[in-house]
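Source file: coords_4.txt; contents: compact mmCIF, C-alpha atoms.
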# COMPACT_ATOMS: atom_id res chain seq x y z
CA MET J 1 -48.06 134.82 185.24
CA ARG J 2 -50.61 136.31 187.65
CA GLY J 3 -51.32 132.89 189.16
CA PHE J 4 -47.60 132.20 189.46
CA ILE J 5 -47.04 135.45 191.38
CA THR J 6 -49.94 135.01 193.80
CA GLN J 7 -48.74 131.63 195.10
CA PHE J 8 -45.89 133.24 197.04
CA SER J 9 -45.76 135.20 200.30
CA ASP J 10 -46.75 138.88 200.33
CA GLU J 11 -43.13 140.05 200.39
CA THR J 12 -42.12 137.83 197.46
CA GLU J 13 -45.26 138.86 195.59
CA VAL J 14 -44.42 142.57 195.84
CA LEU J 15 -40.82 142.04 194.73
CA LEU J 16 -41.89 139.94 191.73
CA VAL J 17 -44.53 142.50 190.75
CA LEU J 18 -42.01 145.35 190.84
CA SER J 19 -39.64 143.28 188.73
CA VAL J 20 -42.35 142.52 186.16
CA ILE J 21 -43.41 146.18 186.01
CA LEU J 22 -39.88 147.48 185.43
CA LEU J 23 -38.93 144.80 182.91
CA ALA J 24 -42.16 145.22 180.96
CA GLY J 25 -41.66 148.98 180.86
CA PHE J 26 -38.10 148.55 179.63
CA LEU J 27 -39.06 146.09 176.90
CA LEU J 28 -42.03 148.02 175.55
CA THR J 29 -40.18 151.35 175.50
CA ARG J 30 -37.60 149.69 173.21
CA LEU J 31 -40.45 149.43 170.70
CA THR J 32 -41.92 152.87 171.32
CA ASN J 33 -38.46 154.41 171.02
CA LYS J 34 -38.20 152.89 167.55
CA LEU J 35 -41.51 154.53 166.72
CA LYS J 36 -40.16 157.83 168.12
CA LEU J 37 -42.90 157.98 170.76
CA PRO J 38 -42.27 159.76 174.08
CA ARG J 39 -41.14 157.43 176.87
CA VAL J 40 -44.09 158.47 179.05
CA SER J 41 -46.47 157.16 176.41
CA GLY J 42 -44.55 153.88 176.33
CA TYR J 43 -44.89 153.46 180.09
CA ILE J 44 -48.62 154.19 180.06
CA LEU J 45 -49.12 151.73 177.21
CA THR J 46 -47.13 149.15 179.21
CA GLY J 47 -49.46 149.59 182.16
CA ILE J 48 -52.51 149.14 179.95
CA LEU J 49 -51.00 145.99 178.41
CA ILE J 50 -50.01 144.19 181.63
CA GLY J 51 -52.86 145.59 183.72
CA PRO J 52 -56.39 144.32 184.39
CA SER J 53 -57.73 145.59 181.07
CA CYS J 54 -55.50 143.36 178.92
CA LEU J 55 -53.13 140.60 180.09
CA ASN J 56 -53.98 141.02 183.79
CA LEU J 57 -50.48 140.01 184.91
CA ILE J 58 -50.49 142.04 188.13
CA PRO J 59 -52.71 141.14 191.13
CA GLY J 60 -55.27 143.85 191.83
CA ASN J 61 -54.51 143.94 195.57
CA ILE J 62 -50.91 144.95 194.80
CA ILE J 63 -52.01 147.78 192.52
CA ASP J 64 -54.37 149.10 195.20
CA HIS J 65 -51.54 149.36 197.75
CA MET J 66 -49.04 151.18 195.56
CA GLY J 67 -50.66 154.61 195.74
CA PHE J 68 -47.79 155.97 197.84
CA LEU J 69 -45.53 155.68 194.77
CA SER J 70 -47.63 158.37 193.10
CA ASP J 71 -46.88 160.79 195.95
CA MET J 72 -43.19 159.93 195.75
CA ALA J 73 -43.02 160.47 192.00
CA LEU J 74 -44.90 163.78 192.19
CA ALA J 75 -42.60 165.00 194.95
CA PHE J 76 -39.54 164.39 192.77
CA ILE J 77 -41.23 166.00 189.75
CA ALA J 78 -42.12 169.10 191.75
CA PHE J 79 -38.63 169.42 193.26
CA GLY J 80 -37.15 169.31 189.76
CA VAL J 81 -39.54 171.99 188.49
CA GLY J 82 -38.43 174.23 191.36
CA LYS J 83 -34.97 174.68 189.86
CA PHE J 84 -36.45 176.88 187.11
CA PHE J 85 -37.50 179.54 189.63
CA LYS J 86 -34.19 181.33 189.94
CA LYS J 87 -34.43 184.79 191.42
CA GLU J 88 -32.46 186.52 188.69
CA VAL J 89 -34.63 184.96 185.98
CA LEU J 90 -37.87 185.90 187.71
CA GLU J 91 -36.69 189.49 188.18
CA LYS J 92 -36.06 189.86 184.45
CA THR J 93 -39.36 188.45 183.30
CA GLY J 94 -41.56 189.77 186.09
CA LYS J 95 -45.22 190.51 185.47
CA LYS J 96 -45.29 189.55 181.80
CA ILE J 97 -44.59 185.88 182.39
CA ILE J 98 -47.01 185.72 185.31
CA LEU J 99 -49.80 187.30 183.25
CA ILE J 100 -49.18 185.03 180.26
CA THR J 101 -49.13 181.93 182.48
CA VAL J 102 -52.27 182.85 184.39
CA CYS J 103 -54.18 183.70 181.21
CA GLU J 104 -53.29 180.59 179.22
CA SER J 105 -53.82 178.29 182.21
CA LEU J 106 -57.09 179.67 183.48
CA LEU J 107 -58.67 180.22 180.06
CA ALA J 108 -58.09 176.56 179.23
CA GLY J 109 -59.56 175.55 182.60
CA ILE J 110 -62.57 177.85 182.33
CA MET J 111 -63.36 176.72 178.79
CA VAL J 112 -63.15 173.03 179.72
CA THR J 113 -65.32 173.55 182.81
CA ALA J 114 -67.95 175.48 180.85
CA VAL J 115 -68.13 173.00 177.98
CA VAL J 116 -68.30 169.95 180.28
CA TYR J 117 -70.87 171.48 182.65
CA TRP J 118 -73.19 173.29 180.22
CA GLY J 119 -72.42 171.42 177.01
CA PHE J 120 -72.66 167.88 178.43
CA SER J 121 -74.71 168.50 181.60
CA MET J 122 -72.13 166.79 183.81
CA GLU J 123 -71.98 167.32 187.59
CA TRP J 124 -70.35 170.63 188.44
CA GLU J 125 -67.88 168.99 190.85
CA PHE J 126 -66.65 166.81 187.98
CA ALA J 127 -66.48 169.78 185.60
CA LEU J 128 -64.54 171.92 188.08
CA ILE J 129 -61.94 169.25 188.86
CA LEU J 130 -61.48 168.40 185.18
CA GLY J 131 -61.16 172.10 184.36
CA SER J 132 -58.55 172.67 187.05
CA ILE J 133 -56.48 169.74 185.77
CA ALA J 134 -56.72 171.17 182.23
CA THR J 135 -54.59 174.13 183.33
CA ALA J 136 -51.46 171.96 183.75
CA THR J 137 -48.72 171.57 181.15
CA ALA J 138 -46.02 168.88 181.21
CA PRO J 139 -42.63 170.60 180.78
CA ALA J 140 -40.60 167.44 180.09
CA SER J 141 -41.57 166.92 176.43
CA THR J 142 -41.13 170.57 175.54
CA MET J 143 -37.75 170.81 177.27
CA MET J 144 -36.52 167.63 175.60
CA THR J 145 -37.48 169.06 172.21
CA ILE J 146 -35.65 172.32 172.99
CA ARG J 147 -32.51 170.39 173.95
CA GLN J 148 -32.73 168.13 170.93
CA TYR J 149 -32.73 171.05 168.48
CA LYS J 150 -30.52 173.34 170.62
CA ALA J 151 -33.09 176.14 170.33
CA LYS J 152 -32.18 179.48 171.90
CA GLY J 153 -33.56 182.99 172.11
CA GLU J 154 -36.33 185.05 173.70
CA PHE J 155 -39.02 182.61 172.59
CA VAL J 156 -37.29 179.74 174.40
CA ASN J 157 -36.62 181.81 177.54
CA VAL J 158 -40.27 182.82 177.82
CA LEU J 159 -41.48 179.30 177.05
CA LEU J 160 -39.37 177.65 179.76
CA GLN J 161 -40.60 180.04 182.43
CA VAL J 162 -44.24 179.66 181.39
CA VAL J 163 -44.18 175.85 181.49
CA ALA J 164 -42.51 175.97 184.91
CA LEU J 165 -45.04 178.44 186.35
CA ASP J 166 -47.93 176.62 184.72
CA ASP J 167 -48.06 173.93 187.36
CA VAL J 168 -48.10 176.52 190.16
CA VAL J 169 -51.33 177.97 188.76
CA CYS J 170 -52.70 174.45 188.28
CA LEU J 171 -51.94 173.40 191.84
CA LEU J 172 -53.47 176.54 193.33
CA ALA J 173 -56.60 176.14 191.19
CA PHE J 174 -56.87 172.44 192.03
CA SER J 175 -56.46 173.12 195.76
CA VAL J 176 -59.42 175.53 195.81
CA VAL J 177 -61.60 173.51 193.45
CA SER J 178 -60.96 170.18 195.17
CA ALA J 179 -61.94 171.65 198.53
CA MET J 180 -65.23 172.86 197.08
CA ALA J 181 -65.94 169.65 195.18
CA ASN J 182 -64.92 167.34 198.01
CA ARG J 183 -67.16 169.06 200.50
CA SER J 184 -70.06 169.26 198.07
CA VAL J 185 -69.92 165.52 197.44
CA HIS J 186 -69.64 164.57 201.11
CA GLY J 187 -71.68 167.35 202.73
CA GLY J 188 -72.52 171.03 202.84
CA LEU J 189 -69.89 173.57 201.85
CA THR J 190 -68.83 176.23 204.36
CA ALA J 191 -66.33 179.08 204.24
CA GLN J 192 -64.06 177.03 206.48
CA ASP J 193 -64.02 174.22 203.91
CA ILE J 194 -62.57 176.62 201.35
CA ILE J 195 -60.27 178.61 203.62
CA LEU J 196 -58.78 175.71 205.59
CA PRO J 197 -57.20 173.93 202.57
CA ILE J 198 -55.76 177.27 201.43
CA VAL J 199 -54.24 177.77 204.90
CA TYR J 200 -52.81 174.25 204.80
CA ASN J 201 -51.31 174.92 201.36
CA ILE J 202 -49.74 178.16 202.61
CA LEU J 203 -48.24 176.26 205.54
CA ALA J 204 -47.02 173.64 203.07
CA LEU J 205 -45.28 176.40 201.11
CA VAL J 206 -43.60 177.59 204.30
CA LEU J 207 -42.57 174.02 205.07
CA GLY J 208 -40.98 173.70 201.64
CA GLY J 209 -39.07 176.95 202.07
CA VAL J 210 -37.84 175.94 205.53
CA CYS J 211 -36.67 172.58 204.20
CA GLY J 212 -34.78 174.37 201.42
CA VAL J 213 -32.96 176.50 204.00
CA ILE J 214 -32.19 173.50 206.21
CA LEU J 215 -30.92 171.42 203.30
CA SER J 216 -28.71 174.25 202.04
CA ARG J 217 -27.13 174.44 205.50
CA LEU J 218 -26.70 170.68 205.80
CA LEU J 219 -25.07 170.39 202.38
CA ILE J 220 -22.85 173.46 202.70
CA SER J 221 -20.01 171.29 204.00
CA PRO J 222 -17.58 170.56 201.14
CA GLY J 223 -16.81 167.19 202.68
CA ARG J 224 -20.40 165.96 202.38
CA SER J 225 -20.42 162.82 200.22
CA LYS J 226 -22.66 162.43 197.18
CA ASP J 227 -24.48 159.56 198.84
CA ASN J 228 -25.30 161.60 201.94
CA ARG J 229 -26.42 164.57 199.84
CA LEU J 230 -28.90 162.36 198.05
CA ILE J 231 -30.05 160.65 201.25
CA LEU J 232 -30.80 163.97 202.97
CA ALA J 233 -32.68 165.38 199.97
CA VAL J 234 -34.82 162.25 199.50
CA ALA J 235 -35.52 162.04 203.24
CA MET J 236 -36.85 165.61 203.22
CA LEU J 237 -38.96 165.05 200.11
CA LEU J 238 -40.54 161.96 201.66
CA GLY J 239 -41.07 163.82 204.94
CA ILE J 240 -42.81 166.71 203.17
CA SER J 241 -45.03 164.26 201.28
CA GLY J 242 -45.98 162.47 204.49
CA ILE J 243 -46.82 165.67 206.37
CA CYS J 244 -48.90 166.98 203.45
CA ALA J 245 -50.74 163.66 203.18
CA ALA J 246 -51.57 163.89 206.90
CA VAL J 247 -53.55 167.09 206.31
CA ASN J 248 -54.88 165.93 202.92
CA VAL J 249 -53.12 168.47 200.68
CA SER J 250 -50.96 167.88 197.64
CA PRO J 251 -47.20 167.86 198.30
CA LEU J 252 -46.49 169.38 194.89
CA LEU J 253 -46.44 173.06 195.87
CA SER J 254 -44.37 172.42 198.97
CA CYS J 255 -41.81 170.30 197.09
CA MET J 256 -41.66 172.89 194.31
CA VAL J 257 -40.87 175.65 196.81
CA PHE J 258 -38.34 173.29 198.41
CA GLY J 259 -36.55 172.97 195.07
CA ALA J 260 -36.80 176.70 194.30
CA SER J 261 -35.48 177.83 197.67
CA TYR J 262 -32.57 175.38 197.51
CA ILE J 263 -31.42 176.46 194.04
CA ASN J 264 -31.62 180.14 194.98
CA LEU J 265 -29.68 179.66 198.21
CA THR J 266 -26.95 177.42 196.83
CA LYS J 267 -26.87 177.65 192.99
CA ASP J 268 -26.16 173.93 193.27
CA LYS J 269 -27.30 172.08 190.13
CA LYS J 270 -25.49 168.86 191.00
CA LEU J 271 -28.13 167.76 193.49
CA TYR J 272 -30.84 167.96 190.82
CA ARG J 273 -28.74 165.84 188.49
CA GLN J 274 -28.26 163.28 191.30
CA ILE J 275 -32.00 163.09 191.86
CA ASP J 276 -32.60 162.83 188.10
CA ASN J 277 -30.29 159.80 188.06
CA PHE J 278 -32.06 158.30 191.09
CA THR J 279 -35.69 158.64 189.99
CA PRO J 280 -36.09 156.81 186.61
CA PRO J 281 -37.30 153.52 188.18
CA ILE J 282 -39.79 155.41 190.38
CA MET J 283 -41.09 157.42 187.42
CA SER J 284 -41.33 154.25 185.35
CA ILE J 285 -43.41 152.50 188.01
CA PHE J 286 -45.57 155.61 188.49
CA PHE J 287 -46.55 155.92 184.84
CA ILE J 288 -46.99 152.16 184.39
CA LEU J 289 -49.29 152.08 187.42
CA SER J 290 -51.18 154.98 185.83
CA GLY J 291 -51.71 152.85 182.74
CA MET J 292 -52.87 149.91 184.86
CA SER J 293 -55.52 152.14 186.40
CA LEU J 294 -57.00 152.91 182.99
CA ASP J 295 -60.09 150.75 182.51
CA LEU J 296 -60.45 150.31 178.75
CA LYS J 297 -64.14 149.47 179.15
CA ILE J 298 -64.85 152.94 180.46
CA LEU J 299 -63.36 154.48 177.31
CA LYS J 300 -66.72 153.73 175.73
CA THR J 301 -68.28 156.21 178.13
CA VAL J 302 -65.50 158.78 177.69
CA GLY J 303 -66.65 159.31 174.12
CA VAL J 304 -67.51 162.85 173.15
CA VAL J 305 -66.65 164.28 176.59
CA GLY J 306 -63.07 163.02 176.27
CA VAL J 307 -62.75 164.34 172.73
CA ALA J 308 -64.15 167.70 173.82
CA TYR J 309 -61.68 167.90 176.71
CA PHE J 310 -58.79 167.09 174.37
CA LEU J 311 -59.71 169.76 171.80
CA VAL J 312 -61.06 172.50 174.09
CA ARG J 313 -57.94 172.45 176.28
CA ILE J 314 -55.71 172.98 173.23
CA ILE J 315 -57.91 175.84 172.01
CA GLY J 316 -57.92 177.45 175.47
CA LYS J 317 -54.14 177.19 175.82
CA TYR J 318 -53.57 178.73 172.40
CA LEU J 319 -56.09 181.56 172.77
CA GLY J 320 -54.95 182.41 176.30
CA THR J 321 -51.33 182.59 175.18
CA TYR J 322 -52.07 184.56 172.02
CA LEU J 323 -54.26 187.18 173.70
CA SER J 324 -51.99 187.69 176.73
CA CYS J 325 -48.81 187.88 174.61
CA ALA J 326 -50.45 190.41 172.32
CA ALA J 327 -51.59 192.46 175.34
CA MET J 328 -48.01 192.45 176.68
CA HIS J 329 -46.68 193.54 173.27
CA MET J 330 -44.56 190.42 172.88
CA SER J 331 -43.12 189.60 169.46
CA LYS J 332 -45.38 188.16 166.77
CA GLU J 333 -43.49 184.89 166.88
CA ILE J 334 -44.16 184.47 170.60
CA SER J 335 -47.83 185.45 170.24
CA ARG J 336 -48.49 183.14 167.31
CA TYR J 337 -46.56 180.01 168.25
CA MET J 338 -46.10 179.89 172.03
CA GLY J 339 -49.46 178.20 172.60
CA LEU J 340 -48.50 175.32 170.30
CA ALA J 341 -45.62 174.42 172.64
CA LEU J 342 -47.93 174.15 175.68
CA ILE J 343 -49.92 171.10 174.56
CA PRO J 344 -48.18 168.23 176.45
CA GLN J 345 -49.81 167.05 179.66
CA ALA J 346 -48.60 164.14 181.78
CA GLY J 347 -47.09 163.80 185.27
CA VAL J 348 -48.80 166.49 187.34
CA ALA J 349 -52.14 166.08 185.56
CA ILE J 350 -52.11 162.30 186.09
CA GLY J 351 -51.22 162.74 189.76
CA LEU J 352 -54.04 165.23 190.27
CA ALA J 353 -56.44 162.93 188.43
CA PHE J 354 -55.73 160.25 191.04
CA LEU J 355 -56.42 162.77 193.80
CA GLY J 356 -59.58 163.93 192.05
CA LYS J 357 -60.79 160.36 191.65
CA ARG J 358 -60.78 159.91 195.43
CA MET J 359 -63.01 162.97 195.87
CA LEU J 360 -65.70 161.98 193.39
CA PRO J 361 -68.25 159.16 193.36
CA ALA J 362 -66.82 155.96 191.88
CA ASP J 363 -68.32 156.31 188.38
CA MET J 364 -67.32 159.95 187.98
CA GLY J 365 -63.88 159.28 189.45
CA ASP J 366 -63.25 156.48 186.96
CA LEU J 367 -64.41 158.71 184.11
CA LEU J 368 -62.13 161.54 185.24
CA LEU J 369 -59.09 159.27 185.39
CA ALA J 370 -59.89 157.66 182.04
CA ILE J 371 -60.16 161.05 180.32
CA ILE J 372 -56.85 162.31 181.75
CA LEU J 373 -54.92 159.10 181.06
CA ALA J 374 -56.26 158.71 177.52
CA SER J 375 -55.72 162.37 176.63
CA SER J 376 -52.24 162.35 178.21
CA VAL J 377 -51.16 159.64 175.80
CA LEU J 378 -52.48 161.67 172.86
CA TYR J 379 -50.98 164.92 174.15
CA GLU J 380 -47.61 163.25 174.58
CA LEU J 381 -47.86 161.91 171.04
CA ILE J 382 -48.58 165.25 169.35
CA GLY J 383 -46.89 167.55 171.88
CA PRO J 384 -43.25 167.12 170.78
CA ALA J 385 -44.18 167.55 167.10
CA SER J 386 -46.18 170.66 167.93
CA ALA J 387 -43.32 172.07 170.01
CA LYS J 388 -40.88 171.37 167.18
CA PHE J 389 -43.15 173.24 164.75
CA ALA J 390 -43.38 176.21 167.15
CA LEU J 391 -39.60 176.35 167.60
CA LEU J 392 -38.98 176.18 163.86
CA ARG J 393 -41.57 178.82 163.00
CA SER J 394 -40.31 181.15 165.74
CA GLY J 395 -36.80 181.06 164.25
CA THR J 396 -35.09 179.85 167.42
CA VAL J 397 -33.56 176.69 165.91
CA PRO J 398 -30.17 177.12 164.15
CA GLU J 399 -30.33 176.10 160.51
CA LYS J 400 -27.70 173.36 161.00
CA ASN J 401 -29.99 171.65 163.54
CA ILE J 402 -33.07 171.62 161.32
CA LYS J 403 -33.78 168.09 160.11

Please, can you express the file's structure as structure tokens?
Amino acid sequence: MRGFITQFSDETEVLLVLSVILLAGFLLTRLTNKLKLPRVSGYILTGILIGPSCLNLIPGNIIDHMGFLSDMALAFIAFGVGKFFKKEVLEKTGKKIILITVCESLLAGIMVTAVVYWGFSMEWEFALILGSIATATAPASTMMTIRQYKAKGEFVNVLLQVVALDDVVCLLAFSVVSAMANRSVHGGLTAQDIILPIVYNILALVLGGVCGVILSRLLISPGRSKDNRLILAVAMLLGISGICAAVNVSPLLSCMVFGASYINLTKDKKLYRQIDNFTPPIMSIFFILSGMSLDLKILKTVGVVGVAYFLVRIIGKYLGTYLSCAAMHMSKEISRYMGLALIPQAGVAIGLAFLGKRMLPADMGDLLLAIILASSVLYELIGPASAKFALLRSGTVPEKNIK
């Protein structure tokens, strides 16, 4: 198959590769759906299967030039997360949710960093980047489980806000840590090297807010067609991603603010549904490419470090949630079981792993990516079951929906 593809022109080669990627993802997820595995896991497994580590169906030069799809996918993910930051919801929850989110995120990150640096004597740049990525939680699996069992109540309300805010903490932590690690690897670290990326990220936040205002004004016309609404939103998301890439910062925060400002200004949920209907092929390609980037040979070197990351992150998430919920006098159900619903890790973590890989020496970058990709598959396997257990034990699932 690989030889067949490479005999054509570059344009034909790209089109055939995209076709193979999408069809392979579709076919393999038919199997993983039967096994009740999350779709994300199916896509990553597809990438491993058709990538260089197994069947080697896709030319390596094509894979190397598809990095822009990662930025596109992350922009759409971040925009969708922004819809959970409604003003009225944030006003009700206030400081409690922020404290819980900061505690569970940072404790997981600090514990991973400490164990990797002191326990395994790894480079501190590697430990810091891995620790910052450990703070992220993937909301998709948890939200799908909530919808499946029609869970409702205070536990669910708090959980949804925590998983949405989680990635904000992760992105802020990663922005600071990556600036320090990047400069340390390529030269001496100065105050400017830390401050400048923070300034760029603040400007990116402003850019996202401005785009939200502009889009709300452009779409205020009742005569605006669905097609044009989608075109304008996608154009702005791509523009934000391009501008952020120009100054070497992640577009995630900016796109998240873009989504948050738009939902608060318009209360328009239809646009998010349009984008959700538009993005499945992009997300499929993104996760399959992530699987292709996983070198199975390096899993031998992941070993104990990867296992430690997998376990320590779960412990940090649970302890951070339990202690902060108890300090905020939340209910026993929330304190005991909330941390179990914060295990999944996928989209944002994988995207940041790709960014982190670029900042580290080749061997450490490959190790970082391998750990995140391998653990993401495991997290996505156990995450939904863990979330289901937490919802059942917290009493938020109606008895008629318990199966």

Under the rule that only C-alpha atoms are counted, which of J:Gly303, J:Gly356, J:Gly47, J:Gly119 is the nearest residue to Ser175 of chain J?
J:Gly356

With distances taken over all atoms listed in the file, which of J:Val257, J:Ile62, J:Val304, J:Cys170 is nearest to Leu16 of chain J?
J:Ile62

Do you know which residues are at most 10 Å from Arg30 of chain J counting only C-alpha atoms, after dropping those on the same chain fewer than 5 positions away, and could you put them as a PyMOL selection string?
chain J and resi 25+35-36+39+42

With only C-alpha atoms as the basis for distance, which of J:Leu289, J:Ala151, J:Leu265, J:Leu128 is at the shortest distance from Met359 of chain J?
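Of all the options, J:Leu128 lies closest to Met359 of chain J.
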
Figure out the distance between atom CA of Gly383 of chain J and atom CA of Lys152 of chain J, please, to one decimal in Å.
18.9 Å

So which residues are close to (-41.3, 168.8, 195.9), meaning at most 9 Å away in the file's coordinates with only C-alpha atoms counted, and can you show them as a PyMOL selection string?
chain J and resi 74-82+208+237-238+240-241+251-259

Atomic distance atom CA of Ser221 of chain J - atom CA of Asp276 of chain J, expressed in Å with one decimal
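Answer for the atom CA of Ser221 of chain J to atom CA of Asp276 of chain J separation: 22.0 Å.
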
Taking all atoms of segment 119-126 of chain J that the file lists and extending 6 Å past them on each side, where is the centre of the axis-aligned box and how long are its edges? Answer in Å to one decimal, as AutoDock Vina command-line options.
--center_x -70.7 --center_y 169.1 --center_z 183.9 --size_x 20.1 --size_y 16.6 --size_z 25.8

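Of the listed residues (J:Ser261, J:Ser331, J:Ser290, J:Thr135), J:Thr135 comes nearest to Ile315 of chain J; the distances count all atoms listed in the file.
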
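In this structure, atom CA of Leu340 of chain J sits 11.5 Å away from atom CA of Arg313 of chain J.
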
Between J:Val247, J:Ile50, J:Ala108, J:Val162, single out the one closest to Ile288 of chain J, counting only C-alpha atoms.
J:Ile50

Residues near segment 390-393 of chain J, cut-off 8 Å, only C-alpha atoms, skip fewer than 5 positions along chain, as a PDB file with C-alpha atoms, in the coordinates of the input:
ATOM      1  CA  ILE J 146     -35.650 172.320 172.990  1.00  0.00           C
ATOM      2  CA  ALA J 151     -33.090 176.140 170.330  1.00  0.00           C
ATOM      3  CA  VAL J 156     -37.290 179.740 174.400  1.00  0.00           C
ATOM      4  CA  GLU J 333     -43.490 184.890 166.880  1.00  0.00           C
ATOM      5  CA  TYR J 337     -46.560 180.010 168.250  1.00  0.00           C
ATOM      6  CA  MET J 338     -46.100 179.890 172.030  1.00  0.00           C
ATOM      7  CA  LEU J 340     -48.500 175.320 170.300  1.00  0.00           C
ATOM      8  CA  ALA J 341     -45.620 174.420 172.640  1.00  0.00           C
ATOM      9  CA  ILE J 402     -33.070 171.620 161.320  1.00  0.00           C
TER      10      ILE J 402
END

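Minimum atom-to-atom distances from J:Glu104, J:Glu91, J:Asp268, J:Asp227 to Val163 of chain J were compared using only C-alpha atoms, and the lowest value belongs to J:Glu104.
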
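The list of residues with at least one atom within 12 Å of Leu311 of chain J, based on all atoms listed in the file and without residues fewer than 5 positions apart in the same chain, reads Ala108, Met111, Val112, Val115, Ala134, Val304, Val305, Gly306, Gly316, Lys317, Tyr318, Ile343, Ser375, Leu378 and Tyr379 of chain J.
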
Resulting file, chosen residues, C-alpha atoms, as a tab-separated table (two decimals), keeping the file's coordinate frame:
chain	number	residue	atom	x	y	z
J	108	ALA	CA	-58.09	176.56	179.23
J	111	MET	CA	-63.36	176.72	178.79
J	112	VAL	CA	-63.15	173.03	179.72
J	115	VAL	CA	-68.13	173.00	177.98
J	134	ALA	CA	-56.72	171.17	182.23
J	304	VAL	CA	-67.51	162.85	173.15
J	305	VAL	CA	-66.65	164.28	176.59
J	306	GLY	CA	-63.07	163.02	176.27
J	316	GLY	CA	-57.92	177.45	175.47
J	317	LYS	CA	-54.14	177.19	175.82
J	318	TYR	CA	-53.57	178.73	172.40
J	343	ILE	CA	-49.92	171.10	174.56
J	375	SER	CA	-55.72	162.37	176.63
J	378	LEU	CA	-52.48	161.67	172.86
J	379	TYR	CA	-50.98	164.92	174.15
